[in-house]
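J.: Structure file my_file-v3.txt, compact mmCIF, C-alpha atoms and all ligand atoms, is pasted below:
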# COMPACT_ATOMS: atom_id res chain seq x y z
CA MET A 1 59.45 -8.77 4.59
CA ALA A 2 60.53 -7.52 1.16
CA GLY A 3 58.03 -8.26 -1.58
CA GLY A 4 55.79 -10.43 0.62
CA PRO A 5 52.06 -10.14 1.29
CA ALA A 6 52.69 -7.64 4.10
CA ASP A 7 54.33 -5.25 1.60
CA ARG A 8 51.43 -5.71 -0.81
CA HIS A 9 48.90 -4.91 1.88
CA LEU A 10 50.93 -1.89 2.99
CA ALA A 11 51.03 -0.67 -0.62
CA ARG A 12 47.25 -0.91 -0.67
CA ALA A 13 47.05 0.91 2.66
CA LEU A 14 49.26 3.67 1.22
CA GLY A 15 46.80 4.06 -1.64
CA LEU A 16 44.00 4.46 0.90
CA ALA A 17 46.04 7.00 2.89
CA ARG A 18 46.50 9.10 -0.27
CA ARG A 19 42.74 9.44 -0.69
CA ALA A 20 43.03 12.20 1.90
CA TRP A 21 45.87 13.92 -0.02
CA GLY A 22 46.15 17.47 1.33
CA ASP A 23 43.12 17.14 3.61
CA THR A 24 44.61 15.96 6.93
CA HIS A 25 46.82 18.84 8.14
CA PRO A 26 48.25 19.05 10.72
CA ASN A 27 47.71 15.30 10.96
CA PRO A 28 49.40 12.68 8.77
CA MET A 29 47.78 10.69 5.98
CA VAL A 30 47.30 7.13 7.22
CA GLY A 31 45.76 4.03 5.65
CA ALA A 32 44.87 0.63 7.12
CA VAL A 33 44.00 -2.78 5.67
CA LEU A 34 42.56 -5.59 7.76
CA THR A 35 43.20 -9.14 6.54
CA GLU A 36 41.91 -12.54 7.59
CA GLY A 37 44.12 -15.21 6.03
CA ASP A 38 44.82 -14.01 2.48
CA ALA A 39 41.61 -12.02 2.23
CA VAL A 40 41.33 -8.26 2.68
CA VAL A 41 38.17 -7.88 4.79
CA ALA A 42 38.18 -4.14 5.60
CA GLU A 43 39.89 -0.89 4.70
CA GLY A 44 40.13 2.49 6.35
CA TRP A 45 41.91 5.81 6.15
CA HIS A 46 42.21 9.03 8.11
CA ALA A 47 40.09 11.58 6.24
CA ARG A 48 40.87 14.75 8.22
CA ALA A 49 42.05 15.96 11.62
CA GLY A 50 39.42 15.30 14.25
CA GLU A 51 37.95 12.35 12.36
CA PRO A 52 38.65 8.68 13.17
CA HIS A 53 42.13 7.34 12.66
CA ALA A 54 42.72 4.81 9.89
CA GLU A 55 42.79 1.77 12.20
CA VAL A 56 39.47 2.71 13.79
CA ALA A 57 37.96 3.45 10.38
CA ALA A 58 38.98 -0.05 9.20
CA LEU A 59 37.57 -1.74 12.32
CA ARG A 60 34.31 0.17 11.89
CA ALA A 61 34.14 -0.72 8.20
CA LEU A 62 34.37 -4.39 9.17
CA GLY A 63 31.25 -4.01 11.27
CA ARG A 64 31.90 -7.16 13.30
CA ARG A 65 34.63 -8.55 15.52
CA PRO A 66 37.74 -9.56 13.51
CA LEU A 67 38.53 -13.29 13.40
CA PRO A 68 41.21 -14.37 15.92
CA GLY A 69 43.92 -14.67 13.22
CA ALA A 70 43.28 -11.24 11.69
CA THR A 71 46.17 -8.87 10.85
CA LEU A 72 45.90 -5.10 10.80
CA HIS A 73 48.30 -3.43 8.33
CA VAL A 74 48.73 0.27 8.97
CA THR A 75 51.07 2.76 7.30
CA LEU A 76 51.89 4.56 10.59
CA GLU A 77 52.53 3.33 14.10
CA PRO A 78 49.20 3.27 15.98
CA CYS A 79 48.82 6.18 18.38
CA SER A 80 48.95 5.55 22.10
CA SER A 81 47.58 8.66 23.78
CA HIS A 82 44.45 10.78 23.66
CA GLY A 83 44.49 13.58 21.09
CA ARG A 84 41.36 14.72 19.30
CA THR A 85 40.48 10.99 19.27
CA PRO A 86 41.11 8.09 21.71
CA PRO A 87 44.26 5.97 21.28
CA CYS A 88 44.25 3.40 18.46
CA VAL A 89 46.34 0.98 20.53
CA ASP A 90 43.35 0.64 22.90
CA ALA A 91 40.93 0.19 20.01
CA LEU A 92 43.08 -2.59 18.49
CA LEU A 93 43.38 -4.43 21.82
CA ALA A 94 39.65 -4.07 22.49
CA ALA A 95 38.90 -5.53 19.05
CA GLY A 96 41.10 -8.54 19.82
CA ILE A 97 43.72 -7.83 17.13
CA ARG A 98 46.78 -10.00 17.83
CA ARG A 99 48.99 -9.14 14.84
CA VAL A 100 49.88 -5.69 13.47
CA VAL A 101 52.11 -4.74 10.52
CA VAL A 102 53.40 -1.16 10.87
CA GLY A 103 54.69 0.87 7.91
CA THR A 104 56.79 3.38 9.82
CA LEU A 105 57.21 4.83 13.32
CA ASP A 106 55.21 7.91 14.29
CA PRO A 107 57.74 10.73 14.87
CA ASN A 108 55.21 12.44 17.18
CA PRO A 109 57.17 12.60 20.47
CA LEU A 110 53.96 11.50 22.24
CA HIS A 111 54.01 8.20 20.36
CA ALA A 112 57.41 7.48 18.76
CA GLY A 113 57.82 3.78 19.50
CA ARG A 114 55.40 3.82 22.43
CA GLY A 115 52.52 2.34 20.44
CA ILE A 116 54.74 -0.53 19.31
CA ARG A 117 55.93 -1.17 22.87
CA LEU A 118 52.42 -1.11 24.35
CA LEU A 119 51.14 -3.52 21.71
CA ARG A 120 54.06 -5.91 22.30
CA GLU A 121 53.63 -5.69 26.07
CA ALA A 122 50.04 -6.75 25.53
CA GLY A 123 51.28 -9.81 23.64
CA VAL A 124 50.48 -8.54 20.14
CA GLU A 125 52.88 -9.58 17.38
CA VAL A 126 54.17 -6.38 15.76
CA VAL A 127 55.99 -6.54 12.42
CA LEU A 128 57.87 -3.40 11.37
CA ALA A 129 58.22 -2.70 7.66
CA ASP A 130 61.67 -2.03 6.24
CA GLY A 131 63.24 -1.08 2.92
CA PRO A 132 61.14 0.61 0.23
CA SER A 133 57.83 0.02 2.10
CA GLU A 134 59.05 1.81 5.20
CA LEU A 135 60.54 4.62 3.11
CA ALA A 136 57.30 5.13 1.16
CA CYS A 137 55.24 5.27 4.37
CA ARG A 138 57.66 7.80 5.88
CA GLU A 139 58.00 9.98 2.76
CA LEU A 140 54.24 10.27 2.32
CA ASN A 141 54.10 12.37 5.47
CA PHE A 142 57.17 14.57 5.08
CA LEU A 143 55.10 17.63 6.04
CA PHE A 144 53.69 16.03 9.20
CA ASN A 145 57.08 14.52 10.14
CA HIS A 146 58.72 17.94 10.02
CA TRP A 147 55.88 19.71 11.80
CA ILE A 148 55.38 17.29 14.66
CA SER A 149 59.04 17.24 15.68
CA ARG A 150 59.76 20.99 15.23
CA ARG A 151 56.38 22.82 15.20
CA ARG A 152 57.80 24.81 12.36
CA THR A 153 56.57 25.45 8.84
CA LEU A 154 58.47 23.49 6.19
CA LEU A 155 59.64 25.69 3.32
CA ALA A 156 59.69 24.00 -0.08
CA MET A 157 60.20 25.34 -3.58
CA LYS A 158 58.96 24.41 -7.00
CA VAL A 159 60.96 25.56 -9.97
CA ALA A 160 60.43 25.06 -13.68
CA ARG A 161 63.72 25.77 -15.47
CA ASP A 162 65.53 24.89 -18.62
CA ALA A 163 68.82 23.03 -18.53
CA THR A 164 70.75 26.33 -18.41
CA GLY A 165 69.16 27.11 -15.03
CA ARG A 166 66.92 29.94 -16.29
CA THR A 167 63.32 30.11 -15.06
CA VAL A 168 61.69 32.91 -17.07
CA PRO A 169 59.70 31.66 -20.10
CA LEU A 170 60.67 32.74 -23.63
CA PRO A 171 59.12 36.09 -24.58
CA GLY A 172 55.44 35.63 -25.42
CA ARG A 173 55.27 32.16 -23.81
CA ARG A 174 53.72 31.28 -20.48
CA TRP A 175 55.43 27.94 -19.79
CA ILE A 176 58.87 26.37 -19.87
CA THR A 177 57.84 22.78 -19.17
CA GLY A 178 55.16 20.61 -20.80
CA GLU A 179 51.72 19.55 -19.70
CA GLU A 180 52.75 16.53 -17.65
CA ALA A 181 55.16 18.54 -15.55
CA ARG A 182 52.50 21.19 -14.95
CA ALA A 183 49.96 18.54 -13.94
CA ASP A 184 52.47 17.19 -11.42
CA VAL A 185 52.86 20.67 -9.91
CA MET A 186 49.10 20.76 -9.36
CA ARG A 187 49.33 17.67 -7.14
CA TRP A 188 51.88 19.39 -4.90
CA ARG A 189 49.77 22.55 -4.77
CA ARG A 190 46.92 20.30 -3.65
CA LEU A 191 49.07 18.79 -0.89
CA PHE A 192 50.53 21.96 0.63
CA PRO A 193 48.21 24.08 2.80
CA CYS A 194 49.90 27.22 1.47
CA VAL A 195 51.42 28.21 -1.90
CA ALA A 196 53.56 31.35 -2.18
CA VAL A 197 55.00 33.70 -4.78
CA GLY A 198 56.94 36.95 -4.68
CA ALA A 199 55.41 40.28 -5.68
CA GLY A 200 57.44 40.16 -8.90
CA THR A 201 55.74 36.95 -10.02
CA ALA A 202 52.31 38.17 -8.87
CA LEU A 203 52.75 41.28 -11.04
CA ALA A 204 54.39 39.59 -14.05
CA ASP A 205 52.27 36.42 -14.30
CA ASN A 206 49.05 37.26 -12.44
CA PRO A 207 48.82 33.65 -11.18
CA ALA A 208 45.74 32.18 -9.47
CA LEU A 209 47.84 29.58 -7.56
CA THR A 210 44.87 27.22 -7.36
CA ALA A 211 45.29 23.44 -7.57
CA ARG A 212 43.57 22.43 -10.80
CA LEU A 213 43.27 18.65 -10.98
CA PRO A 214 41.11 16.41 -13.20
CA GLU A 215 38.82 15.76 -10.21
CA GLY A 216 38.28 19.47 -9.56
CA ALA A 217 39.95 22.67 -8.39
CA THR A 218 40.78 23.73 -4.85
CA CYS A 219 42.39 26.84 -3.47
CA PRO A 220 45.22 26.61 -0.94
CA LEU A 221 46.11 29.59 1.20
CA ARG A 222 47.92 31.90 -1.21
CA LEU A 223 50.78 33.93 0.20
CA VAL A 224 52.36 36.87 -1.60
CA LEU A 225 55.73 38.04 -0.34
CA ASP A 226 55.28 41.76 -0.95
CA ARG A 227 57.91 43.14 1.38
CA SER A 228 57.97 46.68 0.01
CA GLY A 229 54.34 47.00 -1.11
CA ARG A 230 54.79 46.58 -4.86
CA LEU A 231 51.18 45.39 -5.24
CA GLN A 232 49.94 48.91 -4.38
CA GLY A 233 47.30 50.00 -6.90
CA ARG A 234 47.04 46.53 -8.52
CA GLY A 235 43.68 45.50 -7.07
CA ASP A 236 42.93 43.89 -10.44
CA LEU A 237 45.34 40.99 -9.81
CA ALA A 238 43.68 37.58 -9.46
CA LEU A 239 45.15 37.04 -6.00
CA LEU A 240 43.54 40.27 -4.78
CA ALA A 241 40.32 40.18 -6.77
CA ASP A 242 39.16 36.64 -7.57
CA ALA A 243 36.49 34.62 -5.74
CA HIS A 244 39.16 33.13 -3.45
CA ARG A 245 40.67 36.48 -2.39
CA ALA A 246 39.83 35.77 1.26
CA ARG A 247 42.31 32.86 0.91
CA THR A 248 45.11 35.30 0.02
CA ILE A 249 47.65 36.58 2.55
CA VAL A 250 49.98 39.45 1.74
CA ALA A 251 53.17 39.55 3.81
CA LEU A 252 54.88 42.93 3.98
CA ASP A 253 57.39 44.91 5.96
CA PRO A 254 55.52 47.96 7.36
CA ALA A 255 58.77 49.92 7.47
CA ARG A 256 59.21 49.51 3.70
CA ALA A 257 55.68 49.38 2.28
CA PRO A 258 53.89 52.66 1.42
CA SER A 259 51.78 53.94 4.31
CA GLY A 260 48.22 52.70 4.07
CA HIS A 261 49.27 49.68 1.96
CA ALA A 262 48.18 47.13 4.58
CA ASP A 263 44.75 48.76 5.01
CA TRP A 264 44.30 49.00 1.25
CA ILE A 265 44.97 45.24 0.91
CA ARG A 266 42.65 44.35 3.79
CA ALA A 267 39.83 46.41 2.29
CA LEU A 268 40.09 44.26 -0.85
CA GLY A 269 39.57 41.06 1.15
CA PRO A 270 42.98 39.40 1.68
CA ALA A 271 44.68 39.15 5.06
CA VAL A 272 47.94 40.98 5.80
CA TRP A 273 50.94 39.74 7.76
CA GLU A 274 53.04 42.67 8.93
CA ILE A 275 56.51 41.20 9.31
CA ALA A 276 58.80 43.09 11.67
CA PRO A 277 61.97 44.46 10.05
CA GLY A 278 64.77 41.93 10.00
CA ASP A 279 65.15 38.73 8.03
CA PHE A 280 61.93 38.78 6.01
CA LEU A 281 61.85 35.10 5.01
CA GLU A 282 62.61 34.03 8.55
CA GLY A 283 59.86 36.37 9.81
CA VAL A 284 57.36 34.90 7.36
CA LEU A 285 58.21 31.34 8.44
CA ALA A 286 57.89 32.28 12.11
CA ARG A 287 54.46 33.79 11.48
CA ALA A 288 53.33 30.81 9.38
CA SER A 289 54.46 28.47 12.18
CA GLN A 290 52.40 30.46 14.68
CA GLU A 291 49.41 30.14 12.39
CA GLY A 292 49.80 26.34 12.33
CA ILE A 293 50.62 26.19 8.61
CA VAL A 294 52.63 22.97 8.22
CA GLY A 295 54.24 23.81 4.88
CA ILE A 296 54.66 26.51 2.23
CA LEU A 297 55.30 25.67 -1.42
CA LEU A 298 57.11 28.65 -2.88
CA GLU A 299 57.11 29.20 -6.64
CA PRO A 300 59.82 31.85 -6.88
CA GLY A 301 61.09 34.00 -9.72
CA PRO A 302 64.81 34.64 -10.12
CA SER A 303 65.39 37.24 -7.39
CA LEU A 304 63.31 35.57 -4.68
CA GLY A 305 64.72 32.21 -5.76
CA GLN A 306 68.28 33.41 -5.29
CA GLU A 307 67.39 34.88 -1.91
CA VAL A 308 65.83 31.61 -0.78
CA LEU A 309 68.90 29.64 -1.86
CA ARG A 310 71.10 31.96 0.18
CA SER A 311 68.82 31.84 3.22
CA GLY A 312 69.47 28.22 4.16
CA LEU A 313 65.75 27.92 5.05
CA LEU A 314 64.77 25.63 2.18
CA ARG A 315 63.91 22.02 3.13
CA ARG A 316 62.45 20.44 -0.04
CA ALA A 317 62.38 21.16 -3.76
CA TRP A 318 60.74 20.01 -6.97
CA VAL A 319 62.84 21.04 -9.95
CA TYR A 320 61.25 20.47 -13.36
CA THR A 321 63.82 20.75 -16.12
CA ALA A 322 63.13 21.33 -19.82
CA PRO A 323 65.81 21.19 -22.53
CA ALA A 324 68.18 24.16 -22.90
CA GLY A 325 66.71 27.02 -24.91
CA ARG A 326 63.20 26.85 -23.45
CA ALA A 327 63.77 29.85 -21.16
CA ASP A 328 64.43 33.52 -21.85
CA PRO A 329 68.18 33.85 -22.60
CA ALA A 330 68.04 37.42 -21.21
CA SER A 331 67.09 36.16 -17.73
CA PRO A 332 69.66 35.12 -15.10
CA PRO A 333 70.62 31.43 -14.91
CA TRP A 334 70.14 31.03 -11.17
CA LEU A 335 69.44 27.36 -10.57
CA ALA A 336 72.31 25.47 -12.11
CA ASP A 337 73.45 21.87 -11.65
CA PRO A 338 74.50 20.14 -9.55
CA LEU A 339 71.49 20.50 -7.25
CA PRO A 340 71.64 19.34 -3.62
CA LEU A 341 68.79 16.88 -4.22
CA PRO A 342 68.72 13.08 -4.03
CA PRO A 343 69.52 11.35 -7.35
CA SER A 344 65.86 10.74 -8.24
CA PRO A 345 65.23 11.88 -11.84
CA VAL A 346 61.73 11.13 -13.15
CA SER A 347 60.87 11.66 -16.83
CA LEU A 348 57.76 13.73 -17.42
CA GLY A 349 56.56 13.67 -21.00
CA ALA A 350 59.02 13.61 -23.88
CA ASP A 351 61.26 16.48 -22.83
CA ASP A 352 61.03 17.22 -19.14
CA ALA A 353 62.66 15.67 -16.09
CA LEU A 354 61.92 16.12 -12.42
CA LEU A 355 64.39 16.00 -9.59
CA SER A 356 62.80 16.21 -6.15
CA GLY A 357 63.22 15.51 -2.48
CA GLU A 358 64.92 16.87 0.58
CA TRP A 359 67.07 19.93 -0.25
CA ARG A 360 70.51 19.42 1.26
CA GLY A 361 71.86 22.88 0.46
C1 LIG B 401 47.11 6.74 14.03
N1 LIG B 401 46.26 6.62 12.98
O1 LIG B 401 45.10 7.48 11.28
C2 LIG B 401 46.51 8.91 12.49
C3 LIG B 401 47.45 9.01 13.55
O2 LIG B 401 44.36 14.50 17.44
P1 LIG B 401 44.28 13.08 17.01
O3 LIG B 401 43.59 12.18 17.98
O4 LIG B 401 43.78 12.92 15.59
O5 LIG B 401 45.78 12.53 17.02
C4 LIG B 401 46.69 13.06 16.12
C5 LIG B 401 48.00 12.33 16.25
O6 LIG B 401 47.81 10.94 16.02
C6 LIG B 401 48.97 12.80 15.18
O7 LIG B 401 49.79 13.82 15.66
C7 LIG B 401 49.76 11.54 14.88
O8 LIG B 401 50.79 11.35 15.83
C8 LIG B 401 48.74 10.44 15.08
N2 LIG B 401 48.05 10.20 13.83
N3 LIG B 401 47.74 7.91 14.27
O9 LIG B 401 47.30 5.79 14.78
C9 LIG B 401 45.92 7.64 12.21
N4 LIG B 401 46.16 9.99 11.75
ZN ZN B 402 45.37 6.62 16.21
Represent the supplied structure as C-alpha cells.
Ligand code: AOF
Ligand code: ZN

T.:
Amino acid sequence: MAGGPADRHLARALGLARRAWGDTHPNPMVGAVLTEGDAVVAEGWHARAGEPHAEVAALRALGRRPLPGATLHVTLEPCSSHGRTPPCVDALLAAGIRRVVVGTLDPNPLHAGRGIRLLREAGVEVVLADGPSELACRELNFLFNHWISRRRTLLAMKVARDATGRTVPLPGRRWITGEEARADVMRWRRLFPCVAVGAGTALADNPALTARLPEGATCPLRLVLDRSGRLQGRGDLALLADAHRARTIVALDPARAPSGHADWIRALGPAVWEIAPGDFLEGVLARASQEGIVGILLEPGPSLGQEVLRSGLLRRAWVYTAPAGRADPASPPWLADPLPLPPSPVSLGADDALLSGEWRG
C-alpha cells in the first residue's frame, strides 16, 4: 500500500494521535480517520486513559451512520476486550464498518492480532499497513509497547555532548547544544511521565526539569537519584522548593543517606523513595514499575551516565551532538562514538546533530 491513499490517511491519523502527546499513559496514542470514497468525513483520537478510543471518537464525530462503503483508518489495531472502555471491534461492527486499515498490531497480549481476526471473521476487509507507515505507527508508542508487554518502566537517556564525548558545558556556559536541540528535548520531556537527574546535576545546574514548549509549560514527575543524601541542606533547589515540588520524588538509599534525610525531604513537599541496598538503578526501576510509571527520561551527568551505560538497563537514547570544543575539556569524555543507536542522524540547527532510537548496548 506504499504511498497510496491509505498511507496518506494513516499519516493524517498519526497527526491526530500526536495531539495527545504525553497525555495518554499508560495507554497508547491512537488516531483514526473515517473516509467515504475519497473524502475524509470524520476524525478522532484517544485523548487520555479512560476516555473513548480513537475509533469511537471518530464514529461519534461523524454523528450519523457511516455510508456502506466507508473505511476506518486507525493507527493501532482496534481493541477486542473490555478495559476501561468497551471493545472498539464491537463498535465498528455495530456501526456497519466493512473496511478497516490498521497501522500496526496492538502488542497488548489481550489484543495482539485478536482484533484483526474478529473483524475478518465478521467479514470485514482488514488491510494491514507495512513499510514506513507501519513503522511510524509502531514507533509512536514505544513507551506503551514496552510497558504493555513487560509491565516495566522503560529507561531512556538524553545527552547533550560535543563530538569528543564530553557533556559538561564550557566554564561559565549553561549549554552545549543550540536552541533547536534544546527545543527538541522539551518535546521528549513532555512525552515521558517522569524525567530524572542525579544529585550531582541537581546541585550543579539547579534544573527545573519542566517541559517548556511554545504552547505552554507542563511539569512531569521529577525524580532525583540522591542515593547518599547529597541534597541535605539544599532546600533552596528548584526541585525541592518551586511550585511543582509536590511533583518531585527523591530516591535514596536509607543505609547511605544521613539519618533524618528522608523526613527532611518530605517536610519540604517532595515524595521519597527509599530504595533497599543493592543495585540502586535496578531498585529505582522496580519501584517506578510498581508505581505504574511507563518511562523515565534520565538526563545524566558524567558519573551517573557512566553508571547507566554499565548497567545494561538503558533502552532508548537521544544524543545531541555539538562540534568538538563546545564542552569543558577538563571533564571526562564518557559518551564516545560509535554509539549503539540506529543510523538516524537528524540535523538540528547549523551545528548540532541528533542520533536517537533504541539503545542496543
Ligand atoms: C484502540 N483504540 O484509541 C486505544 C486502544 O482501558 P481501555 O479500555 O482504554 O483499553 C486500553 C487498551 O486498549 C490499551 O492497553 C491498548 O491495548 C488499547 N488501546 N485501542 O482500539 C484506542 N487507545
Ligand atoms: Zn479500542

J.: Within 12 Å of region 22-45 of chain A, which residues of region 165-277 of chain A come that close, and what is the closest atom pair and distance in Å for each? Count only C-alpha atoms and give it as CSV.

T.:
residue,atom,partner,partner_atom,distance
A:Met186,CA,A:Gly22,CA,11.6
A:Arg187,CA,A:Gly22,CA,9.0
A:Trp188,CA,A:Gly22,CA,8.7
A:Arg189,CA,A:Gly22,CA,8.7
A:Arg190,CA,A:Gly22,CA,5.8
A:Leu191,CA,A:Gly22,CA,3.9
A:Phe192,CA,A:Gly22,CA,6.3
A:Pro193,CA,A:Gly22,CA,7.1
A:Cys194,CA,A:Gly22,CA,10.4
A:Ala211,CA,A:Gly22,CA,10.8
A:Thr218,CA,A:Gly22,CA,10.3
A:Cys219,CA,A:Gly22,CA,11.2
A:Pro220,CA,A:Gly22,CA,9.5

J.: Show me as a list in words the residues that reach within 9 Å of (61.0, 14.2, -11.2), counting all atoms listed in the file and using the file's own coordinates.

T.: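 Those residues, ordered by chain and then number, are Ala181, Trp318, Val319, Tyr320, Thr321, Ser344, Pro345, Val346, Ser347, Leu348, Asp352, Ala353, Leu354, Leu355 and Ser356 of chain A.
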
J.: Could you give me, as a PyMOL selection string, every polymer residue with an atom at most 7 Å away from an atom of ligand ZN 402 (chain B), counting all atoms listed in the file?

T.: chain A and resi 53+55+78-80+87-88

J.: Print the selection's residues with C-alpha atoms to a file, as a PDB file, in the coordinates of the input.

T.:
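After the write, result33.pdb holds the following:
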ATOM      1  CA  HIS A  53      42.130   7.340  12.660  1.00  0.00           C
ATOM      2  CA  GLU A  55      42.790   1.770  12.200  1.00  0.00           C
ATOM      3  CA  PRO A  78      49.200   3.270  15.980  1.00  0.00           C
ATOM      4  CA  CYS A  79      48.820   6.180  18.380  1.00  0.00           C
ATOM      5  CA  SER A  80      48.950   5.550  22.100  1.00  0.00           C
ATOM      6  CA  PRO A  87      44.260   5.970  21.280  1.00  0.00           C
ATOM      7  CA  CYS A  88      44.250   3.400  18.460  1.00  0.00           C
TER       8      CYS A  88
END

J.: Kindly extract all protein, DNA and RNA residues lying within 12 Å of the coordinates (58.1, 8.8, 20.9) given in the file, considering only C-alpha atoms, and supply them as a VMD selection string.

T.: chain A and resid 77 to 81 105 to 118 148 to 149

J.: Name the closest residue to Ala160 (chain A) among the candidates A:Arg230, A:Pro323, A:Pro86, A:Glu139; distances are taken between atoms, counting only C-alpha atoms.

T.: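 Checking each candidate against Ala160 (chain A), we get A:Pro323 as the closest.
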